[in-house]
$ cat upload05.cif   # mmCIF, C-alpha atoms
data_run
#
loop_
_atom_site.label_atom_id
_atom_site.label_comp_id
_atom_site.auth_asym_id
_atom_site.auth_seq_id
_atom_site.Cartn_x
_atom_site.Cartn_y
_atom_site.Cartn_z
CA MET J 173 115.41 64.49 61.01
CA SER J 174 113.51 64.53 64.31
CA ALA J 175 110.07 63.04 64.95
CA PRO J 176 107.07 65.40 65.29
CA GLU J 177 106.27 66.39 68.87
CA HIS J 178 103.02 64.44 68.98
CA GLU J 179 104.54 61.11 67.94
CA ALA J 180 107.19 59.04 69.60
CA ARG J 181 110.18 57.97 67.56
CA ASP J 182 108.59 54.59 66.94
CA GLY J 183 105.43 56.23 65.50
CA THR J 184 103.10 55.72 68.47
CA PRO J 185 101.18 58.79 69.59
CA THR J 186 102.22 60.45 72.83
CA ARG J 187 100.25 62.56 75.26
CA ARG J 188 101.34 65.96 76.24
CA SER J 189 100.56 66.90 79.81
CA LEU J 190 99.89 70.39 80.98
CA SER J 191 102.52 72.14 82.95
CA PRO J 192 101.71 72.79 86.64
CA ASP J 193 100.87 76.40 85.76
CA GLY J 194 98.55 75.26 82.98
CA ARG J 195 96.70 72.91 85.34
CA ILE J 196 96.20 75.70 87.87
CA ILE J 197 94.76 77.95 85.18
CA LEU J 198 92.49 75.18 83.91
CA TRP J 199 91.12 74.38 87.39
CA ALA J 200 90.69 78.07 88.21
CA GLY J 201 88.64 78.43 85.01
CA VAL J 202 86.47 75.44 85.94
CA VAL J 203 85.86 76.82 89.46
CA LEU J 204 85.04 80.25 88.05
CA ALA J 205 82.59 78.78 85.55
CA VAL J 206 80.81 76.84 88.33
CA LEU J 207 80.60 79.96 90.51
CA VAL J 208 79.13 82.00 87.65
CA ALA J 209 76.57 79.26 86.93
CA VAL J 210 75.51 79.17 90.62
CA ALA J 211 75.23 82.98 90.73
CA VAL J 212 73.07 83.09 87.61
CA ALA J 213 70.85 80.26 88.87
CA SER J 214 70.37 81.96 92.25
CA MET J 215 69.11 85.11 90.52
CA PHE J 216 66.16 83.13 89.17
CA ILE J 217 65.28 81.29 92.36
CA ARG J 218 62.58 83.05 94.36
CA SER J 219 62.71 83.19 98.10
CA PRO J 220 60.72 80.43 99.76
CA GLN J 221 57.03 81.08 100.35
CA LEU J 222 56.34 81.61 104.03
CA ASP J 223 53.18 80.22 105.59
CA PRO J 224 50.34 82.68 104.81
CA ALA J 225 48.80 81.94 108.22
CA THR J 226 51.80 83.54 109.98
CA PRO J 227 52.58 87.25 110.47
CA GLU J 228 55.79 86.92 108.44
CA GLY J 229 53.89 85.19 105.63
CA VAL J 230 51.36 88.04 105.50
CA VAL J 231 54.14 90.65 105.41
CA GLN J 232 55.94 88.71 102.65
CA ARG J 233 52.81 88.57 100.49
CA TYR J 234 51.98 92.21 101.19
CA LEU J 235 55.44 93.43 100.18
CA ARG J 236 55.53 91.19 97.10
CA ALA J 237 52.14 92.59 95.99
CA VAL J 238 53.35 96.17 96.57
CA VAL J 239 56.62 95.68 94.69
CA GLU J 240 54.84 93.98 91.78
CA GLY J 241 52.24 96.77 91.58
CA ARG J 242 49.21 94.70 92.64
CA ARG J 243 47.53 97.43 94.72
CA THR J 244 44.21 95.69 95.35
CA GLU J 245 45.96 92.59 96.66
CA ALA J 246 48.36 94.69 98.75
CA ARG J 247 45.45 96.54 100.37
CA SER J 248 43.78 93.22 101.27
CA TYR J 249 46.53 92.53 103.83
CA LEU J 250 45.77 95.73 105.74
CA SER J 251 43.41 96.06 108.70
CA ASP J 252 39.84 96.99 107.79
CA ARG J 253 40.45 100.55 108.99
CA LEU J 254 43.59 101.01 106.87
CA GLU J 255 41.99 99.42 103.85
CA ARG J 256 39.06 101.82 104.21
CA GLU J 257 40.87 105.04 105.17
CA CYS J 258 44.26 105.00 103.42
CA GLU J 259 44.49 106.77 100.09
CA PRO J 260 43.33 104.41 97.32
CA TRP J 261 46.18 105.11 94.88
CA PHE J 262 48.82 103.96 97.32
CA PRO J 263 51.11 102.12 97.42
CA ARG J 264 52.73 103.71 94.42
CA TYR J 265 56.03 101.86 94.16
CA PRO J 266 56.60 100.79 90.56
CA SER J 267 57.52 97.20 89.82
CA ARG J 268 60.47 98.22 87.63
CA ASP J 269 62.62 98.94 90.67
CA ALA J 270 64.58 96.14 92.31
CA TYR J 271 64.25 95.24 95.97
CA ARG J 272 65.79 92.72 98.30
CA ILE J 273 63.78 92.10 101.44
CA GLU J 274 65.16 90.00 104.29
CA LEU J 275 63.21 88.83 107.32
CA VAL J 276 65.07 89.72 110.51
CA GLU J 277 62.77 88.96 113.43
CA VAL J 278 59.18 88.05 114.29
CA VAL J 279 57.74 88.60 117.76
CA VAL J 280 54.27 87.23 118.46
CA ASP J 281 52.51 88.24 121.69
CA GLY J 282 49.06 86.68 121.81
CA SER J 283 46.94 88.33 119.12
CA THR J 284 49.56 90.92 118.09
CA ALA J 285 52.83 90.55 116.24
CA GLU J 286 55.80 92.65 115.13
CA VAL J 287 57.73 91.77 111.98
CA HIS J 288 61.12 93.37 111.32
CA VAL J 289 62.65 93.29 107.84
CA ILE J 290 65.66 94.81 106.12
CA VAL J 291 64.84 96.37 102.76
CA ALA J 292 67.50 97.02 100.10
CA GLU J 293 66.05 99.31 97.45
CA GLN J 294 67.98 99.63 94.20
CA ASP J 295 68.71 103.09 92.89
CA VAL J 296 68.90 102.49 89.14
CA GLU J 297 70.34 105.95 88.57
CA LEU J 298 73.49 105.24 90.57
CA PHE J 299 74.97 102.14 88.98
CA ASP J 300 73.03 99.47 90.89
CA TYR J 301 73.52 101.13 94.26
CA TYR J 302 71.27 99.70 97.00
CA HIS J 303 69.93 101.84 99.84
CA GLU J 304 69.37 99.58 102.85
CA PHE J 305 67.04 100.31 105.78
CA SER J 306 64.91 98.61 108.44
CA ALA J 307 61.14 98.44 108.34
CA PHE J 308 58.71 97.26 111.01
CA TYR J 309 55.18 95.92 110.61
CA SER J 310 52.60 95.51 113.38
CA LEU J 311 49.87 92.97 112.86
CA VAL J 312 46.75 91.89 114.68
CA SER J 313 45.16 88.48 114.54
CA THR J 314 41.58 88.43 113.28
CA GLY J 315 39.22 85.54 112.72
CA ASP J 316 40.52 85.36 109.13
CA GLY J 317 44.26 85.52 109.87
CA TRP J 318 46.76 88.30 110.41
CA ARG J 319 46.22 91.88 109.18
CA ILE J 320 48.73 94.75 109.10
CA THR J 321 47.91 97.71 111.39
CA GLU J 322 51.20 99.61 111.28
CA GLN J 323 53.73 99.70 108.48
CA GLU J 324 56.66 102.00 107.86
CA TRP J 325 57.44 101.16 104.25
CA PRO J 326 56.49 101.58 101.46
CA TRP J 327 53.19 103.23 102.32
CA TYR J 328 54.31 106.11 104.53
CA GLY J 329 51.53 107.56 106.67
CA CYS J 330 49.21 104.60 106.20
CA SER J 331 49.07 103.15 109.69
CA GLU J 332 46.50 103.16 112.45
CA ARG J 333 48.82 105.25 114.64
CA MET J 334 49.06 107.93 111.90
CA LEU J 335 45.27 107.93 111.43
CA ASP J 336 44.81 108.39 115.21
CA LYS J 337 47.11 111.46 115.10
CA GLU J 338 45.09 112.96 112.23
CA GLU J 339 41.83 112.51 114.18
CA SER J 340 43.19 114.16 117.34
CA THR J 341 44.30 117.34 115.54
#
$ encode --input "upload05.cif" --output "structure tokens"
Amino acid sequence: MSAPEHEARDGTPTRRSLSPDGRIILWAGVVLAVLVAVAVASMFIRSPQLDPATPEGVVQRYLRAVVEGRRTEARSYLSDRLERECEPWFPRYPSRDAYRIELVEVVVDGSTAEVHVIVAEQDVELFDYYHEFSAFYSLVSTGDGWRITEQEWPWYGCSERMLDKEEST
């Protein structure tokens, strides 16, 4: 009669080691589990807050307020003229949609600035498809900080340049 596989012939327990293929599968599983944990954690980490005294910080707060549906706060980042003359029910983007917004470039020239971002807007109807496009924001420095004077997204037609065109027609 032979001894069971987990005991040596003298009765002492033995260890079974994994085959080389088994070790590869085990390590691949561990690496995959770590990658999944990092991906899940990164979904819950918000992008860093930019300095609100900078043009990029103003644009970040403006877009966050728009996306989250806080219209009054969003309007507070606009120039006095835009805040006064743009339609009060805008911006109308609902907070249920998903957006990724990435800062590309900031150019400051004295009391004016241009902020360029890439926006990826999720189309929930098409299996998490993201439509990606560029958007530019012009800002002017006031005594209270930076205010947006031109913006291409998400409030189409609400810019000082568009208001000037309406007045000249």
$ atom_distance --input "upload05.cif" --atom1 "atom CA of J:Val230" --atom2 "atom CA of J:Gln323"
12.3 Å
$ closest_residue --input "upload05.cif" --among "J:Thr284, J:Thr321, J:Ser191, J:Ser331" --to "J:Glu259" --atoms "all atoms listed in the file"
J:Ser331
$ closest_residue --input "upload05.cif" --among "J:Pro227, J:Gly241, J:Trp199, J:Ser283" --to "J:Gly315" --atoms "all atoms listed in the file"
J:Ser283
$ resolve_selection --input "upload05.cif" --expression "the PyMOL selection byres ((chain J and resi 304) around 7)" --output "list in words"
Ile290, Val291, Ala292, Glu293, Tyr302, His303 and Phe305 of chain J
$ atom_distance --input "upload05.cif" --atom1 "atom CA of J:Val203" --atom2 "atom CA of J:Ile273"
29.4 Å
$ atom_distance --input "upload05.cif" --atom1 "atom CA of J:Gly329" --atom2 "atom CA of J:Val280"
23.7 Å
$ closest_residue --input "upload05.cif" --among "J:Cys258, J:Ile196, J:Arg233, J:Val312" --to "J:Ala246" --atoms "all atoms listed in the file"
J:Arg233
$ resolve_selection --input "upload05.cif" --expression "the PyMOL selection byres ((chain J and resi 251) around 9)" --output "list in words"
Arg247, Ser248, Tyr249, Leu250, Asp252, Arg253, Leu254, Glu255, Arg256, Leu311, Val312, Trp318, Arg319, Ile320, Thr321, Glu322 and Glu332 of chain J
$ resolve_selection --input "upload05.cif" --expression "the PyMOL selection byres ((chain J and resi 229) around 12)" --output "short mmCIF file (atom, residue, chain, number, x, y, z; two decimals) with C-alpha atoms, in the frame of the given file"
data_model
loop_
_atom_site.label_atom_id
_atom_site.label_comp_id
_atom_site.auth_asym_id
_atom_site.auth_seq_id
_atom_site.Cartn_x
_atom_site.Cartn_y
_atom_site.Cartn_z
CA SER J 219 62.71 83.19 98.10
CA PRO J 220 60.72 80.43 99.76
CA GLN J 221 57.03 81.08 100.35
CA LEU J 222 56.34 81.61 104.03
CA ASP J 223 53.18 80.22 105.59
CA PRO J 224 50.34 82.68 104.81
CA ALA J 225 48.80 81.94 108.22
CA THR J 226 51.80 83.54 109.98
CA PRO J 227 52.58 87.25 110.47
CA GLU J 228 55.79 86.92 108.44
CA VAL J 230 51.36 88.04 105.50
CA VAL J 231 54.14 90.65 105.41
CA GLN J 232 55.94 88.71 102.65
CA ARG J 233 52.81 88.57 100.49
CA TYR J 234 51.98 92.21 101.19
CA LEU J 235 55.44 93.43 100.18
CA ARG J 236 55.53 91.19 97.10
CA TYR J 249 46.53 92.53 103.83
CA LEU J 275 63.21 88.83 107.32
CA VAL J 278 59.18 88.05 114.29
CA ALA J 285 52.83 90.55 116.24
CA VAL J 287 57.73 91.77 111.98
CA TYR J 309 55.18 95.92 110.61
CA LEU J 311 49.87 92.97 112.86
CA GLY J 317 44.26 85.52 109.87
CA TRP J 318 46.76 88.30 110.41
CA ARG J 319 46.22 91.88 109.18
CA ILE J 320 48.73 94.75 109.10
#
$ closest_residue --input "upload05.cif" --among "J:Met334, J:Ala237, J:Leu204, J:Val276" --to "J:Phe308" --atoms "all atoms listed in the file"
J:Val276
